[in-house]
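Colleague: The structure follows.
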Amino acid sequence: MRRLLFSLASAAAGGLLTLSFAPYNLWPCGLLSLALFAWLFLRAANGRQLRGRSGLWLAFCYGFGLFASGGSWVYVSITHFGGSSVALGLLLTGGFVAILALMLALPFCFLGRFTDNSASFALAFPALWFTSEWLRSWIFTGFPWLFAGYAHIDTWLAGWAPVLSVYGIGLLLALSAGVLALLAGGRLRPLGQPAHVALLLAATLPWPAGLLLQQVPWTQAEGKTVEVGLVQANIPQEKKWLPEFRGETIARYQRGTRELSDRGVDVIIWPEAALPLLYHRAPNLMQALQRNAEQTGIDLISGVLYDSPSKRDNPGPPVIHNSAAVFGRSPQVYHKRHLVPFGEYVPLEDWIRGTIEFFDLPTSFIRPGPEGQQPLHAGGLSWAPLICYEIVYPRLVADSALSAEVLLTISNDAWFGDSIGPLQHMQMAQMRALETGRYLVRGTNTGITAIVDPRGHIQQKLPQFQRATLVGQVTAMRGSTPFMLAGISLVFALAIPLLAAAILLHRQRRVQDALPLAGEIPD
């Protein structure tokens, strides 16, 4: 019974973290969630070391609660748009959640070694939390979703984003939560204990320090300000690829483009795969877009499925990319590099494609683009293009921003329906603007279409599931944040010493416990 209660409490703590993210935005729930997670470790250990398997299970339950609640939009994608039954959707979603929970839990099988020493535990907990989030960013190509730091776009800790990124904010939050758990469990007594005073200061000082860091101008506005127009066509996902709806799709984008042209914008943005046509299979349409951009002097950036040109000596199927194309003064194409498993490609394709409808989605045949692609140029600015899922990778975005003045992300979040997925996706895009000190323009099919300033705040946005256009201004930003230059190494520079200190203190404690008491004769 005790094990069951601890398991349920840990899962509930994981679910509590979801409330800190969009659309709820209750950031204190994130701090309480991590503190409760740490406190459960201490209570389960009861002053002793916790076995690795017990720690792993406790962390797995926490992860399951987090991803079952925060990742519930996966079920919507699988059943509503993937053609799966309710039973199969629950099975696939459950497997997805379990894999992510296991990935989160792996580092915490070591946390139980430190539960008998307060100082060691307080230092090890944030280091292992960072390790957990870092592992999730690259294992199986990565799923860097629901990182604890995303809830702090508007708190004092936001000042650390240009320095330590979302990873570092999560580490600092976990440090505060670990010390809070020790206080709640009566394991920390600052009065008369210098080590405990030091822990309390380490847990609290990052908050006002973050407020001070918000005053640092890491990047500067230099160069021109341009008027940007975005078309949100609101194409239903179930109709997007139907041939009979193709004319209506093109008409919606044409009407939106004419409206924005009349308002005198400099650049027009269409979302990911805006037109349900392959680039080289619709030459007349693509030429018309280019001519219109040249005649109006307004550059157009559109998402498009870009197929390799047909060749007589290559009769095989074309290579298809999920791309962003510029029509206008400087035609260019960017090919998406980081693809979505199952949505854009099928892992183990020869084995599982065709077994169920979900593995045969209309866009699950995409190939990744090459590394080292240059920024797009439109409206006199250089744009770092990130298509859909790419915006959730902090290092990828930071590298792209080094040679660009504005971030551009285009997406089709219609796959998520009216779930919380698009709102979480928007929040992660805001964090990328904050980490890089760049304006971010986000064009989507059904929402959220928005313009974000370099501090991660939404300047303008369109409501979801409405046909509309948005006009706003963005300014070229120059300079680099510390995270852009050093990457995640700065977070490792914090996490490694924390873990090393935890191990050292733990060993010293064991040596002291092994020493004989005064007057006692050792055997």
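Ordering of the structure tokens sets the chain letters (A, B, ...), residue numbers begin anew at 1 in every chain, and ligands are numbered from 1 in the order given.
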Determine, counting only C-alpha atoms, which protein, DNA and RNA residues have an atom within 7 Å of an atom of stretch 316-326 of chain A; residues of the same chain fewer than 5 positions away are not included. Present the result as an MDAnalysis selection string.

Modeller: chainID A and resid 299:308 331:336 366:369

Colleague: Residues of stretch 175-328 of chain A classed as helix (DSSP H, G or I) by DSSP on the backbone are to be reported as a PyMOL selection string.

Modeller: chain A and resi 175-184+194-204+206-213+243-262+279-281+283-296

Colleague: Using only C-alpha atoms, can you tell me which of A:Met477, A:Leu462, A:Leu92, A:Ala12 comes closest to A:Gln220?

Modeller: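 Using only C-alpha atoms, A:Gln220 sits closest to A:Met477.
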
Colleague: What are the closest atom pairs, with distances in Å to one decimal, for all residues of stretch 373-419 of chain A lying within 9 Å of stretch 272-282 of chain A? Consider only C-alpha atoms, order rows by chain and residue number, and present the result as a tab-separated table.

Modeller:
residue	atom	partner	partner_atom	distance
A:Ile387	CA	A:Glu272	CA	6.8
A:Cys388	CA	A:Glu272	CA	7.3
A:Thr409	CA	A:Glu272	CA	8.6
A:Ile410	CA	A:Glu272	CA	5.0
A:Ser411	CA	A:Glu272	CA	4.7
A:Asn412	CA	A:Glu272	CA	5.6

Colleague: Would you output that residue set with N, CA and C atoms, as a short mmCIF file (atom, residue, chain, number, x, y, z; two decimals), in the first residue's frame?

Modeller:
data_model
loop_
_atom_site.label_atom_id
_atom_site.label_comp_id
_atom_site.auth_asym_id
_atom_site.auth_seq_id
_atom_site.Cartn_x
_atom_site.Cartn_y
_atom_site.Cartn_z
N ILE A 387 11.28 25.09 -39.36
CA ILE A 387 9.98 24.57 -39.76
C ILE A 387 9.42 23.67 -38.67
N CYS A 388 8.29 24.08 -38.12
CA CYS A 388 7.51 23.30 -37.14
C CYS A 388 8.35 22.82 -35.98
N THR A 409 9.63 30.93 -37.94
CA THR A 409 9.16 29.55 -37.82
C THR A 409 7.77 29.45 -38.45
N ILE A 410 7.61 28.46 -39.30
CA ILE A 410 6.31 28.20 -39.94
C ILE A 410 5.87 26.80 -39.53
N SER A 411 4.57 26.65 -39.33
CA SER A 411 4.08 25.38 -38.79
C SER A 411 2.65 25.13 -39.25
N ASN A 412 2.23 23.87 -39.10
CA ASN A 412 0.84 23.49 -39.32
C ASN A 412 0.38 22.71 -38.10
#

Colleague: Compare A:Ala68, A:His506, A:Ala119, A:Ile268 by their minimum atom-to-atom distance to A:Ala198, counting only C-alpha atoms, and give me the closest one.

Modeller: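 Going through A:Ala68, A:His506, A:Ala119, A:Ile268 one by one, the smallest distance to A:Ala198 is for A:Ala119.
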
Colleague: Could you tell me which of A:Trp156, A:Tyr150, A:Phe41, A:Tyr389 comes closest to A:Pro23 if we count only C-alpha atoms?

Modeller: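 Under the stated criterion, the closest residue is A:Tyr150.
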
Colleague: Between A:Leu26, A:Leu104, A:Ala59, A:Leu175, which one has atoms that come closest to A:Thr155, using only C-alpha atoms?

Modeller: A:Leu26

Colleague: Write out as JSON, numbers by chain each polymer residue whose atoms come within 9 Å of A:Ala233, counting only C-alpha atoms; drop sequence neighbours fewer than 3 positions from it.

Modeller: {"A": [249, 252, 253, 256, 270, 271, 274, 444, 445, 446, 465, 466, 467, 468, 469]}

Colleague: Would you put the residues from that selection into a file with all heavy atoms, as a tab-separated table (two decimals), in the first residue's frame?

Modeller:
chain	number	residue	atom	x	y	z
A	249	THR	N	-8.12	26.08	-51.20
A	249	THR	CA	-6.88	26.38	-50.46
A	249	THR	C	-6.10	27.50	-51.14
A	249	THR	O	-5.69	28.48	-50.50
A	249	THR	CB	-6.01	25.12	-50.36
A	249	THR	OG1	-6.70	24.12	-49.61
A	249	THR	CG2	-4.68	25.43	-49.69
A	252	ARG	N	-7.81	30.91	-50.77
A	252	ARG	CA	-7.69	31.55	-49.45
A	252	ARG	C	-6.35	32.27	-49.31
A	252	ARG	O	-6.28	33.39	-48.78
A	252	ARG	CB	-7.83	30.50	-48.35
A	252	ARG	CG	-9.24	29.96	-48.20
A	252	ARG	CD	-9.37	29.11	-46.95
A	252	ARG	NE	-10.67	28.45	-46.88
A	252	ARG	CZ	-11.10	27.73	-45.84
A	252	ARG	NH1	-10.31	27.59	-44.79
A	252	ARG	NH2	-12.30	27.17	-45.85
A	253	TYR	N	-5.28	31.64	-49.78
A	253	TYR	CA	-3.98	32.29	-49.69
A	253	TYR	C	-3.88	33.48	-50.64
A	253	TYR	O	-3.26	34.51	-50.30
A	253	TYR	CB	-2.86	31.28	-49.95
A	253	TYR	CG	-2.61	30.37	-48.77
A	253	TYR	CD1	-2.99	29.03	-48.83
A	253	TYR	CD2	-2.05	30.86	-47.60
A	253	TYR	CE1	-2.79	28.20	-47.73
A	253	TYR	CE2	-1.85	30.04	-46.51
A	253	TYR	CZ	-2.21	28.70	-46.57
A	253	TYR	OH	-2.03	27.89	-45.49
A	256	GLY	N	-5.77	36.41	-48.98
A	256	GLY	CA	-4.99	36.98	-47.88
A	256	GLY	C	-3.80	37.77	-48.38
A	256	GLY	O	-3.46	38.83	-47.83
A	270	TRP	N	3.55	32.70	-45.62
A	270	TRP	CA	2.58	31.61	-45.62
A	270	TRP	C	3.12	30.48	-44.75
A	270	TRP	O	4.34	30.31	-44.63
A	270	TRP	CB	2.35	31.08	-47.03
A	270	TRP	CG	1.63	32.02	-47.95
A	270	TRP	CD1	1.18	33.28	-47.67
A	270	TRP	CD2	1.29	31.77	-49.32
A	270	TRP	NE1	0.57	33.83	-48.77
A	270	TRP	CE2	0.63	32.92	-49.81
A	270	TRP	CE3	1.48	30.69	-50.19
A	270	TRP	CZ2	0.16	33.02	-51.11
A	270	TRP	CZ3	1.00	30.78	-51.49
A	270	TRP	CH2	0.34	31.93	-51.95
A	271	PRO	N	2.27	29.66	-44.14
A	271	PRO	CA	2.74	28.64	-43.19
A	271	PRO	C	3.35	27.41	-43.85
A	271	PRO	O	3.51	27.33	-45.07
A	271	PRO	CB	1.47	28.27	-42.42
A	271	PRO	CG	0.37	28.54	-43.39
A	271	PRO	CD	0.81	29.74	-44.18
A	274	ALA	N	2.01	25.19	-47.15
A	274	ALA	CA	0.77	25.95	-47.35
A	274	ALA	C	-0.06	25.37	-48.49
A	274	ALA	O	-1.28	25.24	-48.37
A	274	ALA	CB	1.11	27.41	-47.61
A	444	THR	N	1.38	30.16	-39.06
A	444	THR	CA	0.75	28.84	-38.94
A	444	THR	C	-0.54	28.79	-39.76
A	444	THR	O	-1.10	29.82	-40.15
A	444	THR	CB	0.41	28.50	-37.48
A	444	THR	OG1	-0.63	29.37	-37.03
A	444	THR	CG2	1.63	28.67	-36.58
A	445	ASN	N	-1.01	27.58	-39.96
A	445	ASN	CA	-2.24	27.35	-40.71
A	445	ASN	C	-3.47	27.67	-39.89
A	445	ASN	O	-4.38	28.39	-40.34
A	445	ASN	CB	-2.27	25.90	-41.20
A	445	ASN	CG	-3.59	25.52	-41.83
A	445	ASN	OD1	-4.30	26.35	-42.37
A	445	ASN	ND2	-3.95	24.25	-41.75
A	446	THR	N	-3.53	27.15	-38.66
A	446	THR	CA	-4.71	27.32	-37.82
A	446	THR	C	-4.42	28.08	-36.53
A	446	THR	O	-5.31	28.25	-35.71
A	446	THR	CB	-5.31	25.95	-37.45
A	446	THR	OG1	-4.30	25.16	-36.79
A	446	THR	CG2	-5.80	25.21	-38.68
A	465	PHE	N	-7.99	29.02	-35.22
A	465	PHE	CA	-9.11	28.49	-35.99
A	465	PHE	C	-9.98	29.59	-36.62
A	465	PHE	O	-11.20	29.47	-36.72
A	465	PHE	CB	-9.97	27.57	-35.12
A	465	PHE	CG	-9.17	26.54	-34.37
A	465	PHE	CD1	-9.08	26.57	-32.99
A	465	PHE	CD2	-8.46	25.56	-35.05
A	465	PHE	CE1	-8.32	25.64	-32.30
A	465	PHE	CE2	-7.70	24.63	-34.37
A	465	PHE	CZ	-7.63	24.66	-33.01
A	466	GLN	N	-9.30	30.66	-37.05
A	466	GLN	CA	-9.99	31.72	-37.78
A	466	GLN	C	-9.17	32.09	-39.02
A	466	GLN	O	-7.94	32.10	-38.97
A	466	GLN	CB	-10.18	32.97	-36.91
A	466	GLN	CG	-11.17	32.81	-35.78
A	466	GLN	CD	-11.43	34.12	-35.05
A	466	GLN	OE1	-11.16	35.20	-35.58
A	466	GLN	NE2	-11.95	34.03	-33.84
A	467	ARG	N	-9.87	32.36	-40.12
A	467	ARG	CA	-9.21	32.86	-41.31
A	467	ARG	C	-8.92	34.34	-41.10
A	467	ARG	O	-9.84	35.13	-40.88
A	467	ARG	CB	-10.11	32.69	-42.53
A	467	ARG	CG	-9.52	31.83	-43.62
A	467	ARG	CD	-10.48	31.72	-44.78
A	467	ARG	NE	-11.70	31.00	-44.41
A	467	ARG	CZ	-12.78	30.95	-45.14
A	467	ARG	NH1	-12.83	31.58	-46.29
A	467	ARG	NH2	-13.83	30.27	-44.74
A	468	ALA	N	-7.63	34.72	-41.14
A	468	ALA	CA	-7.29	36.11	-40.85
A	468	ALA	C	-5.88	36.41	-41.34
A	468	ALA	O	-5.13	35.51	-41.72
A	468	ALA	CB	-7.41	36.39	-39.35
A	469	THR	N	-5.55	37.69	-41.35
A	469	THR	CA	-4.19	38.13	-41.65
A	469	THR	C	-3.68	38.98	-40.50
A	469	THR	O	-4.47	39.60	-39.76
A	469	THR	CB	-4.13	38.94	-42.96
A	469	THR	OG1	-5.00	40.07	-42.85
A	469	THR	CG2	-4.53	38.09	-44.15

Colleague: For A:Gln254, which of A:Ser120, A:Gln237, A:Leu285, A:Lys224 is the closest residue, counting only C-alpha atoms?

Modeller: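 Going through A:Ser120, A:Gln237, A:Leu285, A:Lys224 one by one, the smallest distance to A:Gln254 is for A:Leu285.
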
Colleague: Distance atom CA of A:Gly472-atom CA of A:Val226, one decimal place?

Modeller: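 Atom CA of A:Val226 lies at a distance of 8.4 Å from atom CA of A:Gly472.
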
Colleague: Write out as a ChimeraX atom specification each polymer residue whose atoms come within 10 Å of A:His425, counting only C-alpha atoms; drop sequence neighbours fewer than 2 positions from it.

Modeller: /A:22,145-146,388-389,391-392,411,413,420-423,427-430,448

Colleague: Any idea what's packed within 9 Å of A:Gly112, counting only C-alpha atoms, ignoring anything in its chain fewer than 4 positions away? Could you give it as an NGL selection string?

Modeller: :A and (41-42 or 45 or 48-52 or 54-56 or 108 or 116 or 121)

Colleague: List the neighbours of A:Ile139 out to 10 Å using only C-alpha atoms; skip same-chain residues closer than 4 positions along the sequence, and give me the result as a short mmCIF file (atom, residue, chain, number, x, y, z; two decimals) with N, CA and C atoms, in the first residue's frame.

Modeller:
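File written: around_36.cif
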data_model
loop_
_atom_site.label_atom_id
_atom_site.label_comp_id
_atom_site.auth_asym_id
_atom_site.auth_seq_id
_atom_site.Cartn_x
_atom_site.Cartn_y
_atom_site.Cartn_z
N LEU A 100 8.83 8.07 -22.91
CA LEU A 100 9.32 9.36 -22.43
C LEU A 100 9.53 9.36 -20.92
N MET A 103 12.77 7.65 -20.18
CA MET A 103 13.89 8.52 -20.50
C MET A 103 14.11 9.56 -19.42
N TRP A 134 18.42 16.90 -20.73
CA TRP A 134 19.40 16.84 -21.82
C TRP A 134 19.29 15.52 -22.58
N LEU A 135 19.12 14.41 -21.87
CA LEU A 135 18.98 13.11 -22.55
C LEU A 135 17.76 13.10 -23.45
N PHE A 143 13.05 14.52 -28.02
CA PHE A 143 11.71 15.07 -27.83
C PHE A 143 11.82 16.11 -26.70
N PRO A 144 12.39 17.29 -27.01
CA PRO A 144 12.62 18.30 -25.96
C PRO A 144 11.38 19.10 -25.63
#

Colleague: Work out how far atom CA of A:Ser85 is from atom CA of A:Glu248, in Å to one decimal.

Modeller: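 Separation of atom CA of A:Glu248 and atom CA of A:Ser85: 29.8 Å.
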
Colleague: Counting only C-alpha atoms, which residue out of A:Leu128, A:Ile99, A:Cys29, A:Leu211 sits closest to A:Leu494?

Modeller: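 Checking each candidate against A:Leu494, we get A:Leu128 as the closest.
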
Colleague: Do a neighbour search on A:Arg263 at 9 Å with only C-alpha atoms, toss out local chain neighbours closer than 5 positions, and write the hits as a ChimeraX atom specification.

Modeller: /A:229,258,471
